[in-house]
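Peer 1: Input structure: final38.cif, which contains mmCIF, C-alpha atoms.
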data_coords
#
loop_
_atom_site.label_atom_id
_atom_site.label_comp_id
_atom_site.auth_asym_id
_atom_site.auth_seq_id
_atom_site.Cartn_x
_atom_site.Cartn_y
_atom_site.Cartn_z
CA MET A 1 -24.35 -100.04 22.06
CA ILE A 2 -20.81 -101.40 22.31
CA ASN A 3 -21.88 -104.77 20.90
CA LEU A 4 -23.50 -103.14 17.87
CA PHE A 5 -20.38 -101.08 17.28
CA CYS A 6 -18.21 -104.20 17.47
CA LEU A 7 -20.36 -105.97 14.89
CA ILE A 8 -20.34 -103.01 12.50
CA ALA A 9 -16.60 -102.43 12.90
CA THR A 10 -15.73 -106.09 12.34
CA ALA A 11 -18.20 -107.12 9.63
CA LEU A 12 -18.02 -104.02 7.47
CA ALA A 13 -14.26 -103.61 7.82
CA MET A 14 -13.83 -107.11 6.35
CA ALA A 15 -15.91 -106.32 3.24
CA SER A 16 -13.69 -105.44 0.27
CA PRO A 17 -14.83 -102.55 -1.91
CA HIS A 18 -16.11 -103.58 -5.31
CA GLU A 19 -13.82 -101.23 -7.18
CA THR A 20 -10.61 -99.28 -6.73
CA PRO A 21 -9.98 -95.63 -7.57
CA ASP A 22 -7.63 -94.79 -10.36
CA SER A 23 -7.10 -91.05 -10.37
CA ALA A 24 -4.80 -88.49 -11.85
CA PRO A 25 -2.91 -86.30 -9.35
CA GLY A 26 -5.29 -84.29 -7.19
CA GLY A 27 -5.60 -82.60 -3.79
CA HIS A 28 -6.08 -84.17 -0.39
CA PHE A 29 -8.17 -81.93 1.87
CA GLY A 30 -11.90 -81.27 1.81
CA TYR A 31 -14.79 -80.78 4.20
CA ASN A 32 -18.31 -81.99 4.93
CA ILE A 33 -21.25 -80.22 6.56
CA SER A 34 -24.30 -82.21 7.67
CA VAL A 35 -27.59 -82.07 9.58
CA THR A 36 -29.08 -85.14 11.30
CA PRO A 37 -32.61 -85.00 12.75
CA GLY A 38 -33.33 -88.08 14.80
CA ARG A 39 -34.95 -89.84 17.71
CA GLN A 40 -33.60 -91.24 20.95
CA VAL A 41 -33.83 -95.04 21.00
CA ALA A 42 -35.16 -96.92 24.03
CA LEU A 43 -33.37 -100.27 24.21
CA ASP A 44 -35.44 -101.94 26.94
CA LYS A 45 -38.98 -101.87 28.29
CA TYR A 46 -37.98 -99.90 31.41
CA THR A 47 -36.47 -97.06 29.38
CA LYS A 48 -39.70 -96.89 27.35
CA MET A 49 -41.60 -96.28 30.60
CA TRP A 50 -39.75 -93.05 31.52
CA LEU A 51 -38.51 -91.76 28.15
CA LYS A 52 -41.15 -89.24 27.02
CA ASN A 53 -40.13 -86.87 24.22
CA THR A 54 -37.45 -88.46 22.00
CA ALA A 55 -36.69 -85.60 19.58
CA THR A 56 -33.04 -84.73 18.91
CA MET A 57 -31.01 -83.12 16.15
CA SER A 58 -27.31 -82.68 15.43
CA VAL A 59 -25.25 -80.52 13.11
CA GLY A 60 -21.70 -81.38 12.14
CA ALA A 61 -18.68 -80.12 10.27
CA GLU A 62 -15.53 -82.05 9.49
CA LEU A 63 -12.20 -81.58 7.79
CA THR A 64 -11.43 -84.53 5.52
CA TYR A 65 -8.24 -86.07 4.19
CA ASN A 66 -8.57 -87.98 0.91
CA PRO A 67 -5.64 -90.30 0.03
CA GLN A 68 -4.76 -90.47 -3.67
CA PRO A 69 -3.16 -93.27 -5.71
CA GLU A 70 -0.06 -91.18 -6.37
CA ASP A 71 0.62 -91.18 -2.60
CA ASN A 72 1.75 -94.81 -2.91
CA ASP A 73 0.12 -95.55 0.46
CA PRO A 74 -0.39 -99.34 0.70
CA PHE A 75 -3.00 -99.04 3.48
CA ALA A 76 -5.03 -96.55 1.46
CA SER A 77 -4.89 -98.94 -1.49
CA ASP A 78 -5.92 -101.92 0.66
CA TYR A 79 -8.97 -100.08 2.01
CA GLY A 80 -10.03 -98.71 -1.39
CA TYR A 81 -8.92 -95.12 -0.70
CA PRO A 82 -11.08 -94.22 2.32
CA GLN A 83 -11.77 -90.72 3.57
CA LEU A 84 -10.33 -89.74 6.97
CA ALA A 85 -11.86 -86.95 9.00
CA VAL A 86 -11.60 -84.83 12.13
CA GLY A 87 -14.94 -83.33 13.05
CA LEU A 88 -17.10 -81.39 15.48
CA LYS A 89 -20.71 -82.32 16.12
CA TYR A 90 -23.24 -80.44 18.22
CA ASP A 91 -26.28 -82.36 19.46
CA PHE A 92 -29.45 -80.45 20.31
CA ASN A 93 -30.82 -82.85 22.95
CA HIS A 94 -32.75 -80.53 25.25
CA GLY A 95 -36.01 -81.61 23.62
CA THR A 96 -35.49 -85.14 24.96
CA THR A 97 -37.43 -85.47 28.24
CA MET A 98 -37.65 -88.15 30.92
CA HIS A 99 -40.07 -88.66 33.80
CA ARG A 100 -40.63 -91.52 36.24
CA LYS A 101 -44.07 -91.96 37.71
CA GLN A 102 -44.72 -93.85 40.94
CA GLU A 103 -45.04 -97.34 39.52
CA PRO A 104 -44.01 -100.75 40.93
CA PRO A 105 -40.76 -101.11 38.92
CA TRP A 106 -39.31 -98.01 40.61
CA GLN A 107 -39.87 -99.37 44.15
CA LEU A 108 -39.12 -96.59 46.71
CA ILE A 109 -38.71 -93.70 44.26
CA ASP A 110 -40.84 -90.61 44.90
CA GLU A 111 -42.18 -88.97 41.73
CA VAL A 112 -40.91 -85.42 41.12
CA ASP A 113 -43.03 -82.56 39.76
CA TYR A 114 -40.90 -81.80 36.66
CA ASP A 115 -39.50 -83.44 33.54
CA SER A 116 -35.76 -84.08 33.28
CA HIS A 117 -34.07 -82.87 30.08
CA LEU A 118 -31.12 -84.42 28.30
CA GLY A 119 -28.28 -81.94 27.87
CA ASN A 120 -26.91 -80.63 24.59
CA ALA A 121 -23.50 -82.10 23.70
CA LEU A 122 -20.41 -80.94 21.81
CA THR A 123 -18.35 -83.80 20.34
CA LEU A 124 -14.81 -83.90 18.91
CA TYR A 125 -14.15 -87.06 16.91
CA GLY A 126 -12.06 -88.84 14.32
CA GLY A 127 -13.77 -90.61 11.43
CA PHE A 128 -13.11 -93.29 8.81
CA SER A 129 -15.30 -93.54 5.70
CA ARG A 130 -14.78 -96.43 3.29
CA PRO A 131 -16.61 -96.87 -0.03
CA PHE A 132 -17.84 -100.39 -0.74
CA VAL A 133 -20.18 -99.77 -3.70
CA SER A 134 -19.34 -97.09 -6.28
CA SER A 135 -19.56 -95.83 -9.85
CA ALA A 136 -18.45 -92.78 -11.82
CA ASN A 137 -20.92 -90.42 -10.15
CA TRP A 138 -21.91 -91.93 -6.82
CA LYS A 139 -20.70 -94.18 -4.05
CA LEU A 140 -22.03 -95.85 -0.92
CA SER A 141 -19.75 -95.86 2.14
CA TYR A 142 -19.80 -97.03 5.71
CA VAL A 143 -18.59 -94.52 8.29
CA LEU A 144 -17.10 -95.22 11.73
CA ARG A 145 -16.38 -92.46 14.25
CA THR A 146 -15.09 -92.23 17.81
CA GLY A 147 -14.18 -89.38 20.13
CA PHE A 148 -15.17 -87.47 23.26
CA SER A 149 -18.10 -85.21 24.05
CA TYR A 150 -19.07 -82.67 26.67
CA SER A 151 -22.69 -82.64 27.86
CA SER A 152 -24.08 -79.43 29.32
CA HIS A 153 -26.78 -80.96 31.52
CA ILE A 154 -26.37 -84.27 33.35
CA TYR A 155 -28.05 -86.35 36.06
CA ASN A 156 -28.40 -84.48 39.34
CA THR A 157 -30.80 -84.43 42.28
CA VAL A 158 -31.88 -80.81 41.78
CA ASN A 159 -33.42 -80.54 38.31
CA CYS A 160 -32.45 -83.66 36.31
CA ILE A 161 -33.16 -86.59 38.61
CA ASP A 162 -34.84 -88.83 36.00
CA ASN A 163 -32.01 -88.56 33.46
CA GLU A 164 -30.56 -92.06 33.54
CA PHE A 165 -28.81 -91.64 30.18
CA ILE A 166 -25.83 -89.39 31.01
CA GLY A 167 -24.18 -89.14 34.45
CA SER A 168 -20.98 -87.19 33.71
CA HIS A 169 -20.11 -84.12 31.68
CA VAL A 170 -17.46 -85.96 29.63
CA SER A 171 -18.56 -89.02 27.63
CA ILE A 172 -17.11 -91.41 25.08
CA TYR A 173 -18.66 -91.18 21.61
CA PHE A 174 -19.16 -93.95 19.04
CA GLY A 175 -20.85 -93.34 15.71
CA ALA A 176 -21.71 -95.43 12.66
CA ALA A 177 -23.45 -94.51 9.43
CA LEU A 178 -24.25 -95.61 5.90
CA VAL A 179 -23.78 -92.62 3.59
CA ALA A 180 -24.43 -92.26 -0.14
CA SER A 181 -22.50 -89.57 -2.03
CA LEU A 182 -23.80 -88.16 -5.33
CA ARG A 183 -21.34 -86.09 -7.37
CA LEU A 184 -22.88 -82.73 -8.32
CA SER A 185 -19.78 -81.24 -9.93
CA GLU A 186 -16.03 -81.65 -10.02
CA HIS A 187 -15.69 -80.75 -6.32
CA TRP A 188 -19.16 -80.87 -4.75
CA ASN A 189 -21.11 -83.90 -3.52
CA LEU A 190 -24.58 -84.34 -2.06
CA LEU A 191 -24.53 -86.62 1.00
CA GLY A 192 -27.40 -88.62 2.47
CA GLY A 193 -27.84 -91.67 4.63
CA LEU A 194 -28.67 -93.16 8.02
CA GLU A 195 -26.64 -92.35 11.13
CA PHE A 196 -26.43 -93.88 14.61
CA ARG A 197 -24.69 -92.33 17.62
CA HIS A 198 -23.94 -93.47 21.15
CA HIS A 199 -22.68 -91.47 24.14
CA SER A 200 -21.74 -93.00 27.48
CA ASN A 201 -18.97 -92.66 30.07
CA GLY A 202 -17.79 -96.28 29.95
CA ALA A 203 -19.07 -97.00 33.51
CA LEU A 204 -16.64 -94.43 34.94
CA TYR A 205 -19.61 -92.83 36.68
CA ARG A 206 -23.35 -93.30 37.24
CA PRO A 207 -25.88 -93.23 35.75
CA ASN A 208 -24.57 -94.74 32.54
CA LYS A 209 -27.39 -96.24 30.53
CA GLY A 210 -26.06 -94.24 27.59
CA GLU A 211 -27.73 -92.05 24.99
CA ASN A 212 -28.53 -93.71 21.65
CA ALA A 213 -29.94 -91.80 18.70
CA LEU A 214 -30.86 -92.85 15.18
CA GLY A 215 -31.90 -90.74 12.23
CA PRO A 216 -31.42 -89.70 8.60
CA THR A 217 -28.49 -87.45 7.70
CA ILE A 218 -28.13 -85.03 4.81
CA GLY A 219 -25.23 -82.81 3.91
CA ILE A 220 -22.88 -81.33 1.37
CA GLY A 221 -19.25 -82.25 0.82
CA TYR A 222 -16.29 -80.64 -0.88
CA THR A 223 -13.61 -83.05 -2.09
CA PRO A 224 -10.42 -82.54 -4.10
CA ALA A 225 -10.89 -83.46 -7.76
CA PRO A 226 -8.26 -85.09 -9.99
CA SER A 227 -7.54 -83.46 -13.34
CA SER A 228 -9.19 -86.26 -15.35
CA PRO A 229 -12.99 -86.52 -14.98
CA HIS A 230 -12.83 -90.23 -15.83
CA SER A 231 -10.77 -90.91 -12.73
CA ARG A 232 -13.86 -90.07 -10.70
CA SER A 233 -14.98 -93.61 -11.42
CA TYR A 234 -13.99 -96.04 -8.70
CA GLY A 235 -13.42 -98.59 -11.44
CA ASN A 236 -10.36 -100.62 -12.46
CA THR A 237 -11.02 -103.93 -10.82
CA GLY A 238 -7.94 -105.31 -12.52
CA LYS A 239 -5.88 -103.88 -9.67
CA HIS A 240 -8.12 -105.44 -7.05
CA ALA A 241 -6.55 -108.91 -7.01
CA GLN A 242 -3.02 -107.54 -7.14
CA ARG A 243 -3.76 -105.20 -4.25
CA ASP A 244 -4.95 -108.05 -2.03
CA ALA A 245 -1.94 -110.16 -2.99
CA ASN A 246 0.44 -107.36 -2.09
CA SER A 247 -1.39 -106.85 1.19
CA GLN A 248 -0.20 -110.24 2.44
CA GLN A 249 3.49 -109.65 1.72
CA HIS A 250 4.27 -107.22 4.55
CA VAL A 251 5.67 -109.48 7.32
CA SER A 252 8.07 -112.41 7.41
CA SER A 253 6.17 -114.10 10.25
CA PRO A 254 2.44 -113.25 10.44
CA LEU A 255 1.91 -115.48 13.51
CA TYR A 256 2.62 -113.69 16.80
CA LEU A 257 1.84 -113.71 20.51
CA ASN A 258 0.38 -110.48 21.85
CA LEU A 259 0.94 -109.95 25.59
CA GLY A 260 -0.89 -107.13 27.33
CA VAL A 261 -1.59 -105.59 30.72
CA GLY A 262 -3.91 -102.78 31.70
CA VAL A 263 -5.58 -100.84 34.46
CA GLY A 264 -9.25 -99.93 34.45
CA ALA A 265 -11.84 -98.05 36.45
CA LYS A 266 -15.56 -98.42 37.05
CA THR A 267 -18.46 -97.56 39.29
CA LEU A 268 -20.83 -100.26 40.51
CA ASN A 269 -24.23 -100.75 38.97
CA ASP A 270 -25.27 -102.43 42.24
CA GLU A 271 -24.63 -99.18 44.14
CA TRP A 272 -26.65 -97.24 41.58
CA GLN A 273 -29.56 -99.69 41.80
CA ARG A 274 -29.50 -99.66 45.60
CA THR A 275 -29.45 -95.88 46.05
CA GLN A 276 -32.03 -95.32 43.29
CA PHE A 277 -34.65 -97.93 44.03
CA ARG A 278 -34.05 -99.56 47.42
CA THR A 279 -33.22 -96.54 49.59
CA PRO A 280 -36.03 -94.62 51.37
CA PRO A 281 -36.47 -90.93 50.50
CA ASP A 282 -35.42 -89.77 54.00
CA ALA A 283 -32.02 -91.54 53.78
CA PRO A 284 -28.94 -89.33 53.12
CA ASP A 285 -27.89 -91.33 50.02
CA TYR A 286 -31.37 -91.47 48.44
CA ARG A 287 -30.92 -91.12 44.66
CA THR A 288 -27.42 -89.75 45.24
CA ASP A 289 -25.18 -88.37 42.50
CA HIS A 290 -21.94 -89.32 44.28
CA PHE A 291 -20.40 -92.72 43.51
CA ARG A 292 -17.10 -94.34 44.38
CA VAL A 293 -14.76 -95.30 41.53
CA TYR A 294 -13.03 -98.72 41.81
CA ALA A 295 -9.89 -100.00 40.11
CA ALA A 296 -9.51 -103.19 38.06
CA TYR A 297 -6.39 -104.82 36.59
CA MET A 298 -6.16 -106.81 33.36
CA ALA A 299 -3.74 -109.21 31.69
CA GLN A 300 -4.12 -111.04 28.39
CA ALA A 301 -2.23 -113.42 26.10
CA ASP A 302 -3.42 -113.67 22.50
CA VAL A 303 -2.23 -115.84 19.63
CA MET A 304 -2.81 -113.71 16.52
CA TYR A 305 -2.38 -114.29 12.78
CA ARG A 306 -1.95 -111.23 10.57
CA TYR A 307 -3.16 -112.67 7.30
CA ALA A 308 -3.19 -109.27 5.56
CA ARG A 309 -1.50 -105.95 6.06
CA ARG A 310 -4.74 -104.47 7.40
CA TRP A 311 -6.16 -107.37 9.43
CA ALA A 312 -5.22 -109.86 12.13
CA SER A 313 -7.41 -112.38 13.94
CA GLY A 314 -6.86 -114.87 16.73
CA ILE A 315 -7.87 -116.19 20.12
CA GLY A 316 -6.76 -115.19 23.58
CA LEU A 317 -7.02 -115.68 27.33
CA ASP A 318 -8.21 -112.73 29.46
CA LEU A 319 -7.58 -112.31 33.19
CA LEU A 320 -9.22 -109.59 35.31
CA TYR A 321 -8.78 -108.66 38.98
CA GLY A 322 -11.48 -106.37 40.45
CA THR A 323 -10.77 -104.46 43.65
CA TYR A 324 -14.53 -103.99 44.13
CA TRP A 325 -15.27 -107.62 45.01
CA LYS A 326 -15.43 -107.00 48.80
CA ARG A 327 -17.93 -104.18 48.29
CA GLU A 328 -20.06 -106.49 46.15
CA ARG A 329 -19.98 -109.09 48.93
CA GLN A 330 -21.01 -106.42 51.44
CA LEU A 331 -23.94 -105.33 49.26
CA ASP A 332 -25.12 -108.94 48.92
CA GLU A 333 -24.95 -109.40 52.69
CA MET A 334 -26.96 -106.19 53.23
CA ASP A 335 -29.64 -107.59 50.92
CA GLY A 336 -29.78 -110.94 52.71
CA GLU A 337 -27.67 -112.95 50.25
CA PRO A 338 -24.59 -113.86 52.34
CA ASN A 339 -23.95 -117.30 50.83
CA TYR A 340 -23.18 -116.33 47.25
CA PRO A 341 -19.47 -117.05 46.49
CA HIS A 342 -17.41 -113.94 45.67
CA SER A 343 -14.06 -113.79 43.93
CA PRO A 344 -11.92 -110.88 42.68
CA TRP A 345 -10.81 -112.93 39.65
CA SER A 346 -12.50 -113.29 36.29
CA VAL A 347 -11.13 -115.53 33.55
CA GLY A 348 -12.33 -115.65 29.96
CA VAL A 349 -11.41 -116.90 26.50
CA ALA A 350 -12.12 -114.60 23.55
CA ALA A 351 -12.07 -114.42 19.77
CA LYS A 352 -10.15 -111.30 18.71
CA HIS A 353 -9.83 -109.17 15.59
CA GLU A 354 -7.72 -106.10 14.83
CA ALA A 355 -7.94 -103.75 11.84
CA PHE A 356 -4.82 -101.67 11.09
CA TRP A 357 -4.25 -98.28 9.51
CA HIS A 358 -0.49 -97.74 9.62
CA ASN A 359 0.38 -97.67 13.36
CA LEU A 360 -3.21 -97.07 14.49
CA SER A 361 -5.61 -99.96 14.95
CA LEU A 362 -9.14 -100.84 16.03
CA ALA A 363 -9.31 -103.93 18.25
CA VAL A 364 -12.53 -105.84 19.02
CA SER A 365 -13.16 -109.10 20.84
CA LEU A 366 -16.01 -111.34 21.96
CA GLY A 367 -15.34 -113.57 24.96
CA VAL A 368 -16.94 -116.16 27.21
CA TYR A 369 -16.27 -116.35 30.95
CA LEU A 370 -14.65 -119.50 32.26
CA HIS A 371 -14.84 -118.14 35.81
CA ARG A 372 -16.66 -115.12 37.25
CA GLN A 373 -18.24 -114.78 40.72
CA ILE A 374 -18.85 -111.09 41.38
CA SER A 375 -22.31 -110.92 42.98
CA GLU A 376 -25.76 -112.39 42.78
CA LYS A 377 -27.30 -109.11 41.60
CA ALA A 378 -24.66 -108.64 38.91
CA LYS A 379 -26.36 -111.39 36.93
CA VAL A 380 -29.24 -108.98 36.24
CA VAL A 381 -27.11 -106.80 33.94
CA GLU A 382 -24.19 -109.13 33.15
CA THR A 383 -24.12 -111.99 30.67
CA PRO A 384 -21.94 -115.13 30.41
CA TYR A 385 -20.16 -113.39 27.51
CA TYR A 386 -18.43 -110.02 27.22
CA GLU A 387 -17.22 -107.64 24.53
CA ARG A 388 -14.25 -105.31 24.20
CA VAL A 389 -13.70 -102.52 21.70
CA GLY A 390 -10.80 -100.11 21.68
CA VAL A 391 -8.09 -98.29 19.79
CA ARG A 392 -4.33 -98.85 19.91
CA TYR A 393 -1.23 -97.05 18.70
CA ARG A 394 1.95 -98.97 17.88
CA PHE A 395 5.50 -97.65 18.36
CA PRO A 396 7.76 -99.46 15.84
CA GLN A 397 10.88 -97.91 17.40
CA TRP A 398 10.05 -99.72 20.65
CA GLY A 399 9.69 -103.16 19.15
CA GLY A 400 6.03 -102.76 18.29
CA LEU A 401 4.87 -101.82 21.81
CA THR A 402 1.27 -100.56 21.82
CA VAL A 403 -0.71 -98.25 24.08
CA GLY A 404 -4.46 -98.11 23.91
CA ALA A 405 -7.85 -97.73 25.54
CA ASN A 406 -10.72 -100.24 25.72
CA VAL A 407 -14.32 -100.33 26.85
CA LYS A 408 -15.38 -103.72 28.23
CA ALA A 409 -19.12 -104.41 28.12
CA HIS A 410 -21.88 -106.96 28.68
CA LYS A 411 -24.55 -106.97 25.98
CA THR A 412 -24.00 -103.31 25.04
CA LYS A 413 -23.77 -102.12 28.69
CA ALA A 414 -20.31 -100.86 29.70
CA ASP A 415 -18.61 -102.72 32.55
CA LEU A 416 -15.37 -100.70 32.77
CA THR A 417 -12.89 -98.57 30.85
CA GLU A 418 -9.22 -99.59 30.53
CA ILE A 419 -5.84 -98.16 29.57
CA THR A 420 -3.60 -100.90 28.11
CA ILE A 421 -0.02 -101.63 27.13
CA GLY A 422 0.80 -104.52 24.78
CA PHE A 423 3.85 -106.16 23.25
CA PRO A 424 3.94 -108.57 20.27
CA ILE A 425 6.32 -111.53 20.15
CA SER A 426 6.89 -113.16 16.75
CA LEU A 427 6.17 -116.90 16.53
CA LYS A 428 8.25 -118.11 13.59
#
Could I get this file's structure written as structure tokens?
Peer 2:
Amino acid sequence: MINLFCLIATALAMASPHETPDSAPGGHFGYNISVTPGRQVALDKYTKMWLKNTATMSVGAELTYNPQPEDNDPFASDYGYPQLAVGLKYDFNHGTTMHRKQEPPWQLIDEVDYDSHLGNALTLYGGFSRPFVSSANWKLSYVLRTGFSYSSHIYNTVNCIDNEFIGSHVSIYFGAALVASLRLSEHWNLLGGLEFRHHSNGALYRPNKGENALGPTIGIGYTPAPSSPHSRSYGNTGKHAQRDANSQQHVSSPLYLNLGVGVGAKTLNDEWQRTQFRTPPDAPDYRTDHFRVYAAYMAQADVMYRYARRWASGIGLDLLYGTYWKRERQLDEMDGEPNYPHSPWSVGVAAKHEAFWHNLSLAVSLGVYLHRQISEKAKVVETPYYERVGVRYRFPQWGGLTVGANVKAHKTKADLTEITIGFPISLK
């Protein structure tokens, strides 16, 4: 669901809230508690064939930080005073079951005599909740979350062989929600909305189809209250125009060149497909749970324009070198496709957007390949375009150098995970 996350993060982050808070001095810390019953979502016809019971439920608790106008925080003002959070979420997934029957799509797979269960998961995450419609007693916010989770029960050949969702204990978590908040009293709020979550390991291991769940969420929230009850209104649109004007006065030269390099890792979908479906049951690597991890190296050059304190957009050139290209060639030759051209290099051009919160930022991009010749079978899961989503942290004391992590994907399916270093050069 990387593509969906990119779209939500980009489109909603660019929507300005209708109104701006205007509060008397108040506190900063609060907490939320929520329950989310839901269903696992099958994203293709093959998943629908082996996904049986889809029930899931999660409970969550988070500590929130609520910026106030008296903080004089320009980023908080630009975003309409969002709520920041650190949270824990526990997903009860054991009711989700999977089972493959002996049908033509599964080729050489032998049916097993049990159902595979998805494991329960504990997730630690950071969250960002921004109101975009509000009044004196209620508000509607979008919520973005990311973090890491630990799954108790993963794919294995002993008792979970049909679990194609999660192949490693540690996964990357992305979450998005629309949440309405109704003020019950000075401090307490009733929360309700629709929540989506995604867990996958970023192609660092197999299987990696990823777990996707959708469902309603309901909860209760405690927030600090200013001394004046009228300041609970998110009104005062007179400050809106001035806030946006001030947001564009933060740099002397908003045009800059962003240079970056990175190293990534991945496992091959072709090796997963081969050992799952095209290997006879008496072979030693039949439906194996051991996969080799390959390295990849990245370089990019982006021309970016930071047209507001919180946003920058631009276009860039991406270069990727994959050490796995010889293995892909070998797999094609084993399958009788020796004439397909193979190259370790991939080149693409991408539209890029970055949303800033002080020194932390969310970076997303959508690119098109100018050159890519990995394997014939890769075309089954890859597309002519690719997506990247990641987080970065900037070090002003080092000239704006950034370190970050990205997931690169094709149509919501992770291709690899990267660690990156970047450096901006002002173009005056």
Peer 1: What do you get, as a short mmCIF file (atom, residue, chain, number, x, y, z; two decimals) with C-alpha atoms, in the coordinates of the input, if you spell out every residue that the PyMOL selection byres ((chain A and resi 89) around 10) selects here?
Peer 2:
data_model
loop_
_atom_site.label_atom_id
_atom_site.label_comp_id
_atom_site.auth_asym_id
_atom_site.auth_seq_id
_atom_site.Cartn_x
_atom_site.Cartn_y
_atom_site.Cartn_z
CA ILE A 33 -21.25 -80.22 6.56
CA SER A 34 -24.30 -82.21 7.67
CA VAL A 35 -27.59 -82.07 9.58
CA SER A 58 -27.31 -82.68 15.43
CA VAL A 59 -25.25 -80.52 13.11
CA GLY A 60 -21.70 -81.38 12.14
CA ALA A 61 -18.68 -80.12 10.27
CA GLU A 62 -15.53 -82.05 9.49
CA GLY A 87 -14.94 -83.33 13.05
CA LEU A 88 -17.10 -81.39 15.48
CA TYR A 90 -23.24 -80.44 18.22
CA ASP A 91 -26.28 -82.36 19.46
CA PHE A 92 -29.45 -80.45 20.31
CA ALA A 121 -23.50 -82.10 23.70
CA LEU A 122 -20.41 -80.94 21.81
CA THR A 123 -18.35 -83.80 20.34
CA LEU A 124 -14.81 -83.90 18.91
CA TYR A 125 -14.15 -87.06 16.91
CA SER A 149 -18.10 -85.21 24.05
#
Peer 1: Between CA of Asn32 (chain A) and CA of Thr56 (chain A), measure the distance and give it in Å to one decimal.
Peer 2: 20.5 Å
Peer 1: So what does the PyMOL selection byres ((chain A and resi 129) around 8) actually pick up in this one, as a short mmCIF file (atom, residue, chain, number, x, y, z; two decimals) with C-alpha atoms, in the coordinates of the input?
Peer 2:
data_model
loop_
_atom_site.label_atom_id
_atom_site.label_comp_id
_atom_site.auth_asym_id
_atom_site.auth_seq_id
_atom_site.Cartn_x
_atom_site.Cartn_y
_atom_site.Cartn_z
CA PRO A 82 -11.08 -94.22 2.32
CA GLN A 83 -11.77 -90.72 3.57
CA LEU A 84 -10.33 -89.74 6.97
CA GLY A 127 -13.77 -90.61 11.43
CA PHE A 128 -13.11 -93.29 8.81
CA ARG A 130 -14.78 -96.43 3.29
CA PRO A 131 -16.61 -96.87 -0.03
CA SER A 141 -19.75 -95.86 2.14
CA TYR A 142 -19.80 -97.03 5.71
CA VAL A 143 -18.59 -94.52 8.29
CA LEU A 144 -17.10 -95.22 11.73
#
Peer 1: What does the distance between CA of Ala203 (chain A) and CA of Leu268 (chain A) come to in Å, to one decimal place?
Peer 2: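 CA of Ala203 (chain A) sits 7.9 Å away from CA of Leu268 (chain A).
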Peer 1: Give me the residues near Gly404 (chain A) as a PyMOL selection string, where near means some atom within 8 Å (using all atoms listed in the file) and where sequence neighbours in that chain fewer than 2 positions away do not count.
Peer 2: chain A and resi 390-393+402+406+419-421
Peer 1: Just to confirm, what's the straight-line distance from CA of Lys377 (chain A) to CA of Ser171 (chain A) in Å (one decimal)?
Peer 2: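 Computing the Euclidean distance for CA of Lys377 (chain A) and CA of Ser171 (chain A) yields 26.0 Å.
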Peer 1: Selection in question (the file shown): the PyMOL selection byres ((chain A and resi 359-366) around 6). Which residues does it include, as a PDB file with C-alpha atoms, in the frame of the given file?
Peer 2:
ATOM      1  CA  ALA A 350     -12.120-114.600  23.550  1.00  0.00           C
ATOM      2  CA  ALA A 351     -12.070-114.420  19.770  1.00  0.00           C
ATOM      3  CA  LYS A 352     -10.150-111.300  18.710  1.00  0.00           C
ATOM      4  CA  HIS A 353      -9.830-109.170  15.590  1.00  0.00           C
ATOM      5  CA  GLU A 354      -7.720-106.100  14.830  1.00  0.00           C
ATOM      6  CA  ALA A 355      -7.940-103.750  11.840  1.00  0.00           C
ATOM      7  CA  PHE A 356      -4.820-101.670  11.090  1.00  0.00           C
ATOM      8  CA  TRP A 357      -4.250 -98.280   9.510  1.00  0.00           C
ATOM      9  CA  HIS A 358      -0.490 -97.740   9.620  1.00  0.00           C
ATOM     10  CA  GLY A 367     -15.340-113.570  24.960  1.00  0.00           C
ATOM     11  CA  TYR A 386     -18.430-110.020  27.220  1.00  0.00           C
ATOM     12  CA  GLU A 387     -17.220-107.640  24.530  1.00  0.00           C
ATOM     13  CA  ARG A 388     -14.250-105.310  24.200  1.00  0.00           C
ATOM     14  CA  VAL A 389     -13.700-102.520  21.700  1.00  0.00           C
ATOM     15  CA  GLY A 390     -10.800-100.110  21.680  1.00  0.00           C
ATOM     16  CA  VAL A 391      -8.090 -98.290  19.790  1.00  0.00           C
ATOM     17  CA  ARG A 392      -4.330 -98.850  19.910  1.00  0.00           C
ATOM     18  CA  TYR A 393      -1.230 -97.050  18.700  1.00  0.00           C
ATOM     19  CA  ARG A 394       1.950 -98.970  17.880  1.00  0.00           C
TER      20      ARG A 394
END
Peer 1: Which residues, written as JSON, numbers by chain, have at least one atom at most 12 Å from Asp162 (chain A), with only C-alpha atoms counted and residues fewer than 6 positions away on the same chain left out?
Peer 2: {"A": [47, 49, 50, 51, 52, 96, 97, 98, 99, 100, 101, 106, 109, 110, 111, 112, 113, 114, 115, 116, 117, 118, 154, 155, 156, 207, 209, 276, 287, 288, 289]}
Peer 1: With distances taken over only C-alpha atoms, which of A:Arg327, A:Lys139, A:Lys408, A:Arg39 is nearest to Leu178 (chain A)?
Peer 2: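 Among A:Arg327, A:Lys139, A:Lys408, A:Arg39, it is A:Lys139 that comes nearest to Leu178 (chain A).
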Peer 1: Fewer than 3 positions away in the same chain doesn't count, so skip those; otherwise give me all residues within 10 Å of Ala177 (chain A), counting all atoms listed in the file, as a PyMOL selection string.
Peer 2: chain A and resi 8+129+141-145+180+192-197+214-217
Peer 1: So, with only C-alpha atoms as the atoms that count, which of A:Ser375, A:Lys413, A:Phe29, A:Leu190 lies closest to Glu337 (chain A)?
Peer 2: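 Closest to Glu337 (chain A), using only C-alpha atoms: A:Ser375.
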Peer 1: With all atoms listed in the file as the atoms that count, which of A:Ile315, A:Ala405, A:Ala136, A:Ile172 lies nearest to Phe148 (chain A)?
Peer 2: A:Ile172
